[in-house]
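For reference, protein-v3.txt (compact mmCIF, C-alpha atoms):
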# COMPACT_ATOMS: atom_id res chain seq x y z
CA MET A 1 72.20 5.46 82.14
CA GLU A 2 69.50 5.63 84.80
CA ALA A 3 67.49 2.85 83.27
CA LYS A 4 66.02 1.77 86.58
CA GLU A 5 63.67 4.72 86.76
CA ILE A 6 61.88 3.83 83.56
CA SER A 7 58.36 2.51 84.00
CA GLN A 8 57.48 -1.05 83.01
CA ALA A 9 55.00 0.39 80.51
CA VAL A 10 57.82 2.06 78.57
CA ILE A 11 60.01 -1.04 78.90
CA GLY A 12 57.14 -3.10 77.57
CA ARG A 13 57.09 -0.97 74.43
CA LEU A 14 60.85 -1.11 73.74
CA PRO A 15 60.87 -4.56 72.07
CA ARG A 16 58.29 -3.24 69.62
CA TYR A 17 60.47 -0.24 68.74
CA PHE A 18 63.35 -2.65 68.36
CA ARG A 19 61.29 -4.83 66.01
CA TYR A 20 60.23 -1.93 63.76
CA LEU A 21 63.70 -0.36 63.70
CA GLY A 22 65.12 -3.78 62.77
CA MET A 23 62.65 -3.93 59.86
CA LEU A 24 63.65 -0.45 58.69
CA LYS A 25 67.33 -1.34 59.01
CA ASP A 26 66.83 -4.53 56.98
CA GLU A 27 65.11 -2.45 54.29
CA GLY A 28 68.13 -0.15 54.16
CA THR A 29 66.40 2.89 55.69
CA GLU A 30 69.01 5.18 57.23
CA ARG A 31 66.87 7.63 59.14
CA VAL A 32 63.30 7.96 60.25
CA SER A 33 61.28 10.78 61.80
CA SER A 34 59.03 10.26 64.80
CA GLN A 35 56.11 11.01 62.45
CA GLU A 36 57.13 8.25 60.03
CA LEU A 37 57.62 5.82 62.91
CA SER A 38 54.23 6.90 64.21
CA ASP A 39 52.58 6.05 60.87
CA ILE A 40 53.99 2.54 60.66
CA MET A 41 53.70 1.71 64.36
CA GLN A 42 50.24 3.18 64.88
CA VAL A 43 51.19 5.12 68.00
CA THR A 44 51.35 8.90 68.28
CA ALA A 45 54.57 10.71 67.38
CA SER A 46 54.51 12.40 70.77
CA GLN A 47 54.39 9.03 72.53
CA ILE A 48 57.40 7.92 70.50
CA ARG A 49 59.36 11.07 71.35
CA GLN A 50 58.47 10.72 75.02
CA ASP A 51 59.43 7.05 75.15
CA LEU A 52 62.75 7.53 73.40
CA ASN A 53 63.57 10.60 75.49
CA HIS A 54 63.90 8.27 78.48
CA PHE A 55 67.10 7.09 76.91
CA GLY A 56 68.60 10.48 76.25
CA GLY A 57 66.71 11.14 73.02
CA PHE A 58 68.52 9.89 69.96
CA GLY A 59 66.74 12.19 67.54
CA GLN A 60 67.85 15.47 66.07
CA GLN A 61 65.40 18.21 65.15
CA GLY A 62 64.76 18.17 61.42
CA TYR A 63 66.83 15.05 60.87
CA GLY A 64 64.95 12.37 62.73
CA TYR A 65 66.49 9.25 64.18
CA ASN A 66 69.47 7.39 62.81
CA VAL A 67 67.92 3.93 62.38
CA GLU A 68 71.01 1.79 62.83
CA TYR A 69 72.24 3.75 65.83
CA LEU A 70 68.86 3.76 67.57
CA TYR A 71 68.40 0.05 66.82
CA GLY A 72 71.79 -0.67 68.38
CA GLU A 73 71.15 1.49 71.43
CA ILE A 74 67.74 -0.01 72.17
CA GLY A 75 69.30 -3.45 71.71
CA LYS A 76 71.89 -2.59 74.36
CA ILE A 77 69.23 -1.22 76.70
CA LEU A 78 67.35 -4.49 76.28
CA GLY A 79 70.50 -6.37 77.21
CA LEU A 80 70.74 -7.96 73.76
CA ASP A 81 74.41 -7.08 73.39
CA LYS A 82 75.16 -9.93 75.78
CA GLU A 83 74.49 -13.63 75.40
CA HIS A 84 72.08 -15.26 77.80
CA LYS A 85 72.18 -18.94 78.65
CA LEU A 86 68.76 -20.45 78.80
CA ILE A 87 67.33 -23.76 79.95
CA ILE A 88 63.83 -25.13 79.61
CA ILE A 89 62.10 -27.13 82.31
CA GLY A 90 59.30 -29.24 80.90
CA ALA A 91 59.95 -31.05 77.61
CA GLY A 92 56.29 -31.34 76.65
CA HIS A 93 54.86 -29.84 73.48
CA LEU A 94 55.34 -26.22 74.54
CA GLY A 95 58.86 -26.79 75.90
CA GLN A 96 59.83 -28.48 72.65
CA ALA A 97 58.27 -25.68 70.60
CA LEU A 98 60.28 -23.07 72.50
CA ALA A 99 63.47 -25.15 72.22
CA ASN A 100 62.98 -25.20 68.45
CA TYR A 101 62.26 -21.49 68.09
CA MET A 102 65.42 -20.25 66.42
CA ASN A 103 64.53 -16.55 66.68
CA PHE A 104 65.56 -16.64 70.33
CA GLU A 105 69.08 -17.80 69.45
CA ARG A 106 69.45 -15.05 66.86
CA ARG A 107 68.86 -12.54 69.66
CA GLY A 108 71.47 -14.08 71.91
CA PHE A 109 69.28 -16.38 74.00
CA ILE A 110 71.26 -19.59 73.77
CA PHE A 111 69.41 -22.83 74.45
CA ARG A 112 71.70 -24.87 76.71
CA GLY A 113 69.59 -27.54 78.34
CA ILE A 114 66.15 -29.07 78.78
CA PHE A 115 64.77 -31.04 81.73
CA ASP A 116 61.81 -33.27 82.36
CA ASN A 117 60.66 -35.72 85.02
CA ASN A 118 59.26 -38.24 82.54
CA PRO A 119 61.79 -41.10 82.20
CA ASN A 120 60.43 -41.88 78.72
CA ILE A 121 61.47 -38.43 77.48
CA CYS A 122 64.76 -38.17 79.37
CA GLY A 123 67.65 -39.23 77.16
CA THR A 124 65.93 -38.22 73.92
CA LYS A 125 67.37 -35.25 72.05
CA ILE A 126 65.97 -31.90 70.98
CA ARG A 127 68.22 -30.02 68.60
CA ASP A 128 71.17 -32.18 69.67
CA ILE A 129 70.57 -31.37 73.31
CA VAL A 130 69.71 -34.32 75.51
CA VAL A 131 66.67 -34.10 77.80
CA ARG A 132 67.93 -34.49 81.39
CA PRO A 133 66.08 -35.60 84.51
CA VAL A 134 64.98 -32.77 86.84
CA GLU A 135 67.29 -34.20 89.53
CA GLU A 136 70.23 -32.81 87.56
CA LEU A 137 68.73 -29.31 87.37
CA GLU A 138 70.46 -27.65 90.32
CA ASP A 139 73.97 -28.85 89.50
CA PHE A 140 73.53 -27.94 85.87
CA VAL A 141 72.41 -24.36 86.59
CA LYS A 142 75.40 -23.83 88.89
CA GLU A 143 78.01 -25.48 86.69
CA GLU A 144 76.85 -23.96 83.42
CA ASN A 145 76.11 -20.55 84.92
CA ILE A 146 72.60 -20.40 83.47
CA ASP A 147 70.84 -17.00 83.46
CA ILE A 148 67.29 -17.77 82.40
CA ALA A 149 64.99 -20.71 83.15
CA VAL A 150 61.91 -21.20 81.01
CA LEU A 151 59.15 -22.91 82.95
CA THR A 152 56.74 -24.99 80.88
CA VAL A 153 55.67 -27.42 83.59
CA PRO A 154 52.10 -27.97 84.85
CA LYS A 155 51.06 -25.35 87.38
CA ASP A 156 51.10 -27.82 90.26
CA SER A 157 54.83 -28.42 89.99
CA ALA A 158 55.80 -24.84 89.05
CA ALA A 159 56.28 -23.53 92.60
CA MET A 160 58.52 -26.42 93.62
CA ILE A 161 60.72 -26.11 90.53
CA ALA A 162 60.90 -22.33 90.97
CA GLU A 163 62.16 -22.83 94.54
CA GLN A 164 64.87 -25.19 93.33
CA LEU A 165 65.87 -22.64 90.71
CA ALA A 166 66.04 -19.87 93.29
CA ALA A 167 68.20 -22.08 95.53
CA CYS A 168 70.79 -22.63 92.82
CA GLY A 169 71.03 -18.97 91.86
CA ILE A 170 68.95 -18.55 88.72
CA LYS A 171 68.60 -14.88 87.75
CA ALA A 172 65.41 -14.89 85.71
CA ILE A 173 62.37 -17.07 85.09
CA TRP A 174 60.24 -16.95 81.97
CA ASN A 175 57.10 -18.53 83.32
CA PHE A 176 54.54 -20.28 81.10
CA ALA A 177 52.96 -22.25 83.96
CA HIS A 178 49.43 -21.04 84.58
CA THR A 179 50.17 -19.74 88.05
CA ASP A 180 51.91 -16.75 89.62
CA LEU A 181 55.26 -17.50 91.21
CA LYS A 182 56.27 -15.98 94.52
CA MET A 183 59.98 -15.42 94.25
CA PRO A 184 62.68 -13.37 96.00
CA LYS A 185 62.70 -9.98 94.34
CA GLU A 186 66.23 -10.31 92.97
CA ILE A 187 64.89 -12.96 90.58
CA GLN A 188 63.27 -11.40 87.54
CA ILE A 189 60.01 -12.97 86.40
CA GLU A 190 58.11 -12.55 83.18
CA ASN A 191 54.84 -14.40 82.84
CA VAL A 192 53.26 -15.65 79.64
CA HIS A 193 49.80 -16.73 80.70
CA LEU A 194 48.41 -18.06 77.43
CA LEU A 195 44.96 -18.82 78.79
CA ASP A 196 44.66 -15.28 80.19
CA SER A 197 45.48 -13.89 76.76
CA LEU A 198 42.90 -16.14 75.10
CA MET A 199 40.28 -15.05 77.66
CA LYS A 200 41.01 -11.41 76.88
CA LEU A 201 40.36 -12.17 73.23
CA SER A 202 37.17 -13.95 74.19
CA TYR A 203 36.04 -10.90 76.18
CA ASN A 204 36.63 -8.57 73.25
CA LEU A 205 34.81 -11.01 71.00
CA ALA A 206 31.79 -11.16 73.33
CA SER A 207 31.66 -7.41 73.91
CA HIS A 208 31.78 -6.60 70.17
CA GLU A 209 29.28 -9.25 69.13
CA GLY A 210 26.69 -7.94 66.72
CA GLU A 211 28.35 -4.54 66.64
CA ASP A 212 28.63 -4.39 62.87
CA TYR A 213 24.85 -4.80 62.64
CA ALA A 214 24.12 -2.22 65.31
CA LYS A 215 25.94 0.55 63.47
CA MET B 1 25.85 -4.46 81.15
CA GLU B 2 27.87 -1.60 79.69
CA ALA B 3 30.97 -3.68 79.28
CA LYS B 4 32.23 -1.61 76.36
CA GLU B 5 33.28 1.29 78.54
CA ILE B 6 35.73 -0.77 80.57
CA SER B 7 39.38 -0.07 79.89
CA GLN B 8 41.62 -2.73 78.41
CA ALA B 9 43.75 -2.51 81.57
CA VAL B 10 40.82 -3.72 83.68
CA ILE B 11 39.91 -6.36 81.09
CA GLY B 12 43.50 -7.52 81.12
CA ARG B 13 43.22 -8.19 84.86
CA LEU B 14 39.92 -10.11 84.71
CA PRO B 15 41.41 -13.47 83.69
CA ARG B 16 43.65 -13.28 86.74
CA TYR B 17 40.66 -12.69 89.04
CA PHE B 18 38.96 -15.59 87.30
CA ARG B 19 41.98 -17.81 87.91
CA TYR B 20 42.22 -16.99 91.64
CA LEU B 21 38.48 -17.28 92.19
CA GLY B 22 38.56 -20.66 90.43
CA MET B 23 41.29 -21.77 92.84
CA LEU B 24 39.27 -20.61 95.86
CA LYS B 25 36.18 -22.33 94.48
CA ASP B 26 38.09 -25.59 93.98
CA GLU B 27 39.30 -25.36 97.57
CA GLY B 28 35.70 -25.04 98.75
CA THR B 29 35.95 -21.40 99.86
CA GLU B 30 32.49 -19.83 99.84
CA ARG B 31 33.27 -16.19 100.36
CA VAL B 32 36.27 -13.92 100.28
CA SER B 33 36.88 -10.30 101.30
CA SER B 34 38.71 -7.85 99.07
CA GLN B 35 41.45 -7.84 101.73
CA GLU B 36 41.87 -11.62 101.54
CA LEU B 37 41.90 -11.50 97.74
CA SER B 38 44.43 -8.69 98.00
CA ASP B 39 46.73 -10.85 100.13
CA ILE B 40 46.75 -13.81 97.79
CA MET B 41 46.79 -11.81 94.53
CA GLN B 42 49.36 -9.23 95.65
CA VAL B 43 47.33 -6.26 94.46
CA THR B 44 45.76 -3.64 96.72
CA ALA B 45 42.27 -4.23 98.11
CA SER B 46 41.19 -0.86 96.73
CA GLN B 47 42.31 -1.87 93.23
CA ILE B 48 40.23 -5.04 93.56
CA ARG B 49 37.14 -3.14 94.72
CA GLN B 50 37.57 -0.61 91.91
CA ASP B 51 38.00 -3.28 89.26
CA LEU B 52 35.04 -5.35 90.38
CA ASN B 53 32.85 -2.25 90.75
CA HIS B 54 32.95 -1.92 86.96
CA PHE B 55 30.70 -4.91 86.88
CA GLY B 56 28.16 -3.66 89.34
CA GLY B 57 30.12 -4.68 92.45
CA PHE B 58 29.34 -8.18 93.61
CA GLY B 59 30.48 -7.62 97.16
CA GLN B 60 28.46 -6.85 100.25
CA GLN B 61 29.82 -4.74 103.11
CA GLY B 62 30.97 -6.99 105.93
CA TYR B 63 30.32 -10.16 103.96
CA GLY B 64 32.77 -9.99 101.09
CA TYR B 65 32.31 -11.65 97.76
CA ASN B 66 30.45 -14.86 97.11
CA VAL B 67 33.21 -16.86 95.38
CA GLU B 68 31.10 -19.11 93.20
CA TYR B 69 28.79 -16.29 92.09
CA LEU B 70 31.65 -13.90 91.30
CA TYR B 71 33.54 -16.66 89.48
CA GLY B 72 30.48 -17.35 87.35
CA GLU B 73 29.83 -13.69 86.61
CA ILE B 74 33.42 -12.95 85.58
CA GLY B 75 33.29 -16.08 83.44
CA LYS B 76 30.20 -14.71 81.67
CA ILE B 77 31.83 -11.30 81.23
CA LEU B 78 34.82 -13.03 79.66
CA GLY B 79 32.47 -14.82 77.27
CA LEU B 80 33.34 -18.22 78.74
CA ASP B 81 29.69 -19.23 79.05
CA LYS B 82 29.71 -19.82 75.30
CA GLU B 83 31.74 -22.25 73.25
CA HIS B 84 34.22 -20.85 70.76
CA LYS B 85 35.35 -22.75 67.69
CA LEU B 86 39.02 -22.38 67.09
CA ILE B 87 41.39 -23.28 64.26
CA ILE B 88 45.17 -23.11 64.13
CA ILE B 89 47.09 -22.00 61.05
CA GLY B 90 50.64 -23.29 61.12
CA ALA B 91 51.18 -26.89 62.26
CA GLY B 92 54.80 -26.38 63.32
CA HIS B 93 56.02 -26.94 66.85
CA LEU B 94 54.10 -24.05 68.39
CA GLY B 95 50.87 -24.83 66.50
CA GLN B 96 51.06 -28.43 67.64
CA ALA B 97 51.79 -27.38 71.23
CA LEU B 98 48.69 -25.15 71.25
CA ALA B 99 46.57 -27.88 69.62
CA ASN B 100 47.58 -30.20 72.44
CA TYR B 101 46.93 -27.74 75.25
CA MET B 102 43.82 -29.18 76.83
CA ASN B 103 43.24 -26.27 79.21
CA PHE B 104 41.78 -24.30 76.32
CA GLU B 105 39.10 -26.92 75.70
CA ARG B 106 38.13 -26.96 79.35
CA ARG B 107 37.36 -23.24 79.04
CA GLY B 108 35.19 -23.73 75.97
CA PHE B 109 37.74 -23.06 73.24
CA ILE B 110 37.14 -26.06 71.00
CA PHE B 111 39.93 -27.05 68.63
CA ARG B 112 38.26 -27.76 65.27
CA GLY B 113 40.96 -27.66 62.62
CA ILE B 114 44.60 -27.10 61.80
CA PHE B 115 46.16 -25.93 58.54
CA ASP B 116 49.60 -25.88 57.02
CA ASN B 117 51.18 -25.33 53.62
CA ASN B 118 53.75 -28.10 54.00
CA PRO B 119 52.54 -31.14 51.99
CA ASN B 120 54.57 -33.44 54.25
CA ILE B 121 52.55 -32.38 57.27
CA CYS B 122 49.13 -32.17 55.57
CA GLY B 123 47.21 -35.38 56.08
CA THR B 124 48.89 -36.21 59.40
CA LYS B 125 46.75 -36.03 62.51
CA ILE B 126 46.95 -34.02 65.71
CA ARG B 127 44.55 -35.20 68.39
CA ASP B 128 42.46 -36.98 65.74
CA ILE B 129 42.19 -33.84 63.68
CA VAL B 130 43.75 -34.00 60.24
CA VAL B 131 46.12 -31.23 59.13
CA ARG B 132 44.57 -29.59 56.05
CA PRO B 133 46.22 -27.58 53.29
CA VAL B 134 45.86 -23.79 53.60
CA GLU B 135 43.86 -23.79 50.32
CA GLU B 136 40.92 -25.27 52.26
CA LEU B 137 41.05 -22.55 54.92
CA GLU B 138 38.43 -20.14 53.60
CA ASP B 139 35.75 -22.77 52.88
CA PHE B 140 36.37 -24.41 56.25
CA VAL B 141 35.97 -21.17 58.22
CA LYS B 142 32.69 -20.39 56.45
CA GLU B 143 31.21 -23.88 56.59
CA GLU B 144 32.21 -24.62 60.18
CA ASN B 145 31.42 -21.12 61.42
CA ILE B 146 34.80 -20.69 63.10
CA ASP B 147 35.17 -17.82 65.61
CA ILE B 148 38.87 -17.71 66.41
CA ALA B 149 41.94 -18.30 64.26
CA VAL B 150 45.26 -18.91 65.96
CA LEU B 151 48.14 -17.74 63.81
CA THR B 152 51.42 -19.60 64.32
CA VAL B 153 52.90 -19.00 60.87
CA PRO B 154 56.20 -17.23 60.11
CA LYS B 155 55.83 -13.45 60.13
CA ASP B 156 56.27 -13.18 56.36
CA SER B 157 53.09 -15.13 55.61
CA ALA B 158 51.05 -13.76 58.51
CA ALA B 159 49.61 -10.73 56.70
CA MET B 160 48.45 -12.79 53.72
CA ILE B 161 46.77 -15.43 55.88
CA ALA B 162 45.15 -12.72 58.02
CA GLU B 163 43.67 -11.16 54.88
CA GLN B 164 42.22 -14.51 53.82
CA LEU B 165 40.74 -14.93 57.29
CA ALA B 166 39.18 -11.46 57.18
CA ALA B 167 37.70 -12.23 53.75
CA CYS B 168 35.92 -15.33 55.01
CA GLY B 169 34.50 -13.65 58.09
CA ILE B 170 36.71 -14.67 61.00
CA LYS B 171 35.81 -12.78 64.18
CA ALA B 172 39.04 -12.95 66.15
CA ILE B 173 42.72 -13.67 65.61
CA TRP B 174 45.10 -14.88 68.30
CA ASN B 175 48.37 -13.86 66.73
CA PHE B 176 51.67 -15.54 67.58
CA ALA B 177 53.43 -14.36 64.41
CA HIS B 178 56.14 -11.87 65.26
CA THR B 179 54.48 -9.00 63.44
CA ASP B 180 51.55 -6.65 64.02
CA LEU B 181 48.51 -7.32 61.86
CA LYS B 182 46.54 -4.51 60.27
CA MET B 183 42.97 -5.70 60.31
CA PRO B 184 39.48 -4.17 59.96
CA LYS B 185 38.46 -3.06 63.43
CA GLU B 186 35.53 -5.49 63.69
CA ILE B 187 38.10 -8.28 63.90
CA GLN B 188 39.47 -8.67 67.41
CA ILE B 189 43.20 -9.26 67.70
CA GLU B 190 45.26 -10.41 70.63
CA ASN B 191 48.99 -10.64 70.13
CA VAL B 192 51.36 -12.99 71.90
CA HIS B 193 54.79 -11.74 70.90
CA LEU B 194 57.03 -14.25 72.65
CA LEU B 195 60.28 -12.59 71.65
CA ASP B 196 59.05 -9.22 73.00
CA SER B 197 58.28 -10.88 76.32
CA LEU B 198 61.72 -12.51 76.44
CA MET B 199 63.36 -9.14 75.66
CA LYS B 200 61.47 -7.51 78.52
CA LEU B 201 62.88 -10.19 80.81
CA SER B 202 66.32 -9.56 79.39
CA TYR B 203 65.95 -5.82 80.08
CA ASN B 204 64.99 -6.44 83.70
CA LEU B 205 67.88 -8.86 84.03
CA ALA B 206 70.36 -6.31 82.65
CA SER B 207 69.03 -3.42 84.72
CA HIS B 208 69.15 -5.39 87.99
CA GLU B 209 72.57 -6.92 87.37
CA GLY B 210 74.81 -6.68 90.39
CA GLU B 211 72.06 -5.16 92.48
CA ASP B 212 72.34 -7.69 95.28
CA TYR B 213 75.95 -6.68 95.73
CA ALA B 214 75.24 -2.96 95.64
CA LYS B 215 72.86 -3.13 98.58
Rewrite the coordinates I just gave you, this time as structure tokens.
Amino acid sequence: MEAKEISQAVIGRLPRYFRYLGMLKDEGTERVSSQELSDIMQVTASQIRQDLNHFGGFGQQGYGYNVEYLYGEIGKILGLDKEHKLIIIGAGHLGQALANYMNFERRGFIFRGIFDNNPNICGTKIRDIVVRPVEELEDFVKEENIDIAVLTVPKDSAAMIAEQLAACGIKAIWNFAHTDLKMPKEIQIENVHLLDSLMKLSYNLASHEGEDYAK
Amino acid sequence: MEAKEISQAVIGRLPRYFRYLGMLKDEGTERVSSQELSDIMQVTASQIRQDLNHFGGFGQQGYGYNVEYLYGEIGKILGLDKEHKLIIIGAGHLGQALANYMNFERRGFIFRGIFDNNPNICGTKIRDIVVRPVEELEDFVKEENIDIAVLTVPKDSAAMIAEQLAACGIKAIWNFAHTDLKMPKEIQIENVHLLDSLMKLSYNLASHEGEDYAK
């Protein structure tokens, strides 16, 4: 499958397809047309057909999509048929929240370790996993063959930690630090900039202010 | 300013400009060219000029942009010149993490209340703010004139809470529940679907696997 040619915009929409197909599957729906998917997902049917055509097109004219099959195939495309070992760096409130978020485990993202540089936190446990000092990070990543590092450290220490992670062969960083990381391109990065998202909401709030009166 | 005509793609990039300009400002930089911004932000100079032109173009040929002025103007466009009152519904790990995230306050997003339906959590305090039962939500939003509700409840209760929020006149919802909300269009919604983001990372990980060997 020539997945590499698919644009990030399409990739960005796949988890949403996966979510809706999972819902339909859980409800016992066996097949769904692009029009029905369009109605529940609030995107056009033609967009749906185009997006899914990137993956060979699972639909059949007049039949629609087989929900369970399509769900499984998108899952594979998203790499969810494999387990990923994940560590968290930064055992503050956000790091702890992510460590406790069981939905990740259900999708094969297995929480294997958590690190912090605060000696008062090191040694405590989160879901039976002991918080380790950052000094042990590099050995741990190598020995445990960790795929994904979740970065929930303050922005000032993010670059240094990211460098350490690159040096010990991490494959992917899920970055919550409020800064952009400059990494070798073989390391995959996905940013969650919470403050950026809140500012976008604030913009939309400001630009729609008083609109209901104006109409 | 005809801000309404600006595409969400441009809006989505504004917080990042704001972040980099804030950094330059803190470093004491007075002016910056689109080329310099391009180098540090890793986007093309022409993209930067195009984006900033939506707002009247703050730059001057041969001079560049006045950092402090541009920072202030983008801040105003993002609605950061006003304070926003924010409540959190769901005092679990993620709700508590967001309540404790002081960066929001520094940008004018003032944490005013937190709600939960677990009687064991209600009555406890987070940053001196008592966790209230969800029954008090509607009166609180009206009396305190709350702008933004942050939703960190399980997806199954998200729709019901969102309806209550709409009924009492909330203006914006920052949604962390793993579901899409169907809301009247005068209510602004910004979704943070953490699992979707993690799946996108997983896709990129899967599709680049073994690439360093192939080259």
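Across B:Arg127, B:His93, B:Lys142, B:Arg106, the tightest approach to chain A is made by B:His93 when counting all atoms listed in the file.
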Show me, as a tab-separated table, the residues of stretch 131-151 of chain A having an atom within 6 Å of stretch 65-86 of chain A, each with the closest atom pair and its distance in Å, using all atoms listed in the file.
residue	atom	partner	partner_atom	distance
A:Ile146	CA	A:Lys85	CA	5.1
A:Asp147	CA	A:Lys85	CA	5.4
A:Ile148	CA	A:Leu86	CA	4.7
A:Ala149	CA	A:Leu86	CA	5.8
Near chain A, meaning an atom within 7 Å, which residues of chain B appear when counting only C-alpha atoms? Write them as a PDB file with C-alpha atoms, keeping the file's coordinate frame.
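out.pdb, written as the output of this step:
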ATOM      1  CA  ALA B   3      30.970  -3.680  79.280  1.00  0.00           C
ATOM      2  CA  LYS B   4      32.230  -1.610  76.360  1.00  0.00           C
ATOM      3  CA  ILE B  11      39.910  -6.360  81.090  1.00  0.00           C
ATOM      4  CA  GLY B  12      43.500  -7.520  81.120  1.00  0.00           C
ATOM      5  CA  PRO B  15      41.410 -13.470  83.690  1.00  0.00           C
ATOM      6  CA  ARG B  16      43.650 -13.280  86.740  1.00  0.00           C
ATOM      7  CA  ILE B  77      31.830 -11.300  81.230  1.00  0.00           C
ATOM      8  CA  LEU B  78      34.820 -13.030  79.660  1.00  0.00           C
ATOM      9  CA  GLY B  79      32.470 -14.820  77.270  1.00  0.00           C
ATOM     10  CA  HIS B  93      56.020 -26.940  66.850  1.00  0.00           C
ATOM     11  CA  LEU B  94      54.100 -24.050  68.390  1.00  0.00           C
ATOM     12  CA  ALA B  97      51.790 -27.380  71.230  1.00  0.00           C
ATOM     13  CA  PHE B 104      41.780 -24.300  76.320  1.00  0.00           C
ATOM     14  CA  ALA B 172      39.040 -12.950  66.150  1.00  0.00           C
ATOM     15  CA  GLN B 188      39.470  -8.670  67.410  1.00  0.00           C
ATOM     16  CA  ILE B 189      43.200  -9.260  67.700  1.00  0.00           C
ATOM     17  CA  GLU B 190      45.260 -10.410  70.630  1.00  0.00           C
ATOM     18  CA  LEU B 195      60.280 -12.590  71.650  1.00  0.00           C
ATOM     19  CA  ASP B 196      59.050  -9.220  73.000  1.00  0.00           C
ATOM     20  CA  MET B 199      63.360  -9.140  75.660  1.00  0.00           C
ATOM     21  CA  LYS B 200      61.470  -7.510  78.520  1.00  0.00           C
ATOM     22  CA  LEU B 201      62.880 -10.190  80.810  1.00  0.00           C
ATOM     23  CA  SER B 202      66.320  -9.560  79.390  1.00  0.00           C
ATOM     24  CA  TYR B 203      65.950  -5.820  80.080  1.00  0.00           C
ATOM     25  CA  ASN B 204      64.990  -6.440  83.700  1.00  0.00           C
ATOM     26  CA  LEU B 205      67.880  -8.860  84.030  1.00  0.00           C
ATOM     27  CA  ALA B 206      70.360  -6.310  82.650  1.00  0.00           C
ATOM     28  CA  SER B 207      69.030  -3.420  84.720  1.00  0.00           C
TER      29      SER B 207
END
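Separating atom CA of B:Phe115 from atom CA of B:Pro184 is a distance of 22.8 Å.
The shell of residues at most 12 Å from A:Ala167, with all atoms listed in the file counted and near chain neighbours (fewer than 6 positions) removed, consists of A:Leu137, A:Glu138, A:Asp139, A:Val141, A:Lys142, A:Met160, A:Ile161, A:Met183, A:Pro184, A:Ile187.
With atom CA of B:Ala45 on one side and atom CA of B:Glu27 on the other, the separation reads 21.3 Å.
The interatomic distance for the pair atom CA of B:Val153 and atom CA of B:Arg132 works out to 14.3 Å.
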(Q) Can you tell me which residues surround A:Val130 at a distance of at most 9 Å, considering all atoms listed in the file, apart from same-chain residues fewer than 3 positions away, and format the answer as an MDAnalysis selection string? (A) chainID A and resid 113:115 122:127
Please produce a file of those selected residues containing C-alpha atoms, as a compact mmCIF listing (two decimals), in the coordinates of the input.
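Written out: out-v3.txt:
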# COMPACT_ATOMS: atom_id res chain seq x y z
CA GLY A 113 69.59 -27.54 78.34
CA ILE A 114 66.15 -29.07 78.78
CA PHE A 115 64.77 -31.04 81.73
CA CYS A 122 64.76 -38.17 79.37
CA GLY A 123 67.65 -39.23 77.16
CA THR A 124 65.93 -38.22 73.92
CA LYS A 125 67.37 -35.25 72.05
CA ILE A 126 65.97 -31.90 70.98
CA ARG A 127 68.22 -30.02 68.60
(Q) Excluding B:Thr44 and its own-chain neighbours fewer than 6 positions away, which residues fall within 9 Å of it when counting all atoms listed in the file? Please give them as a ChimeraX atom specification. (A) /B:34-35,37-38
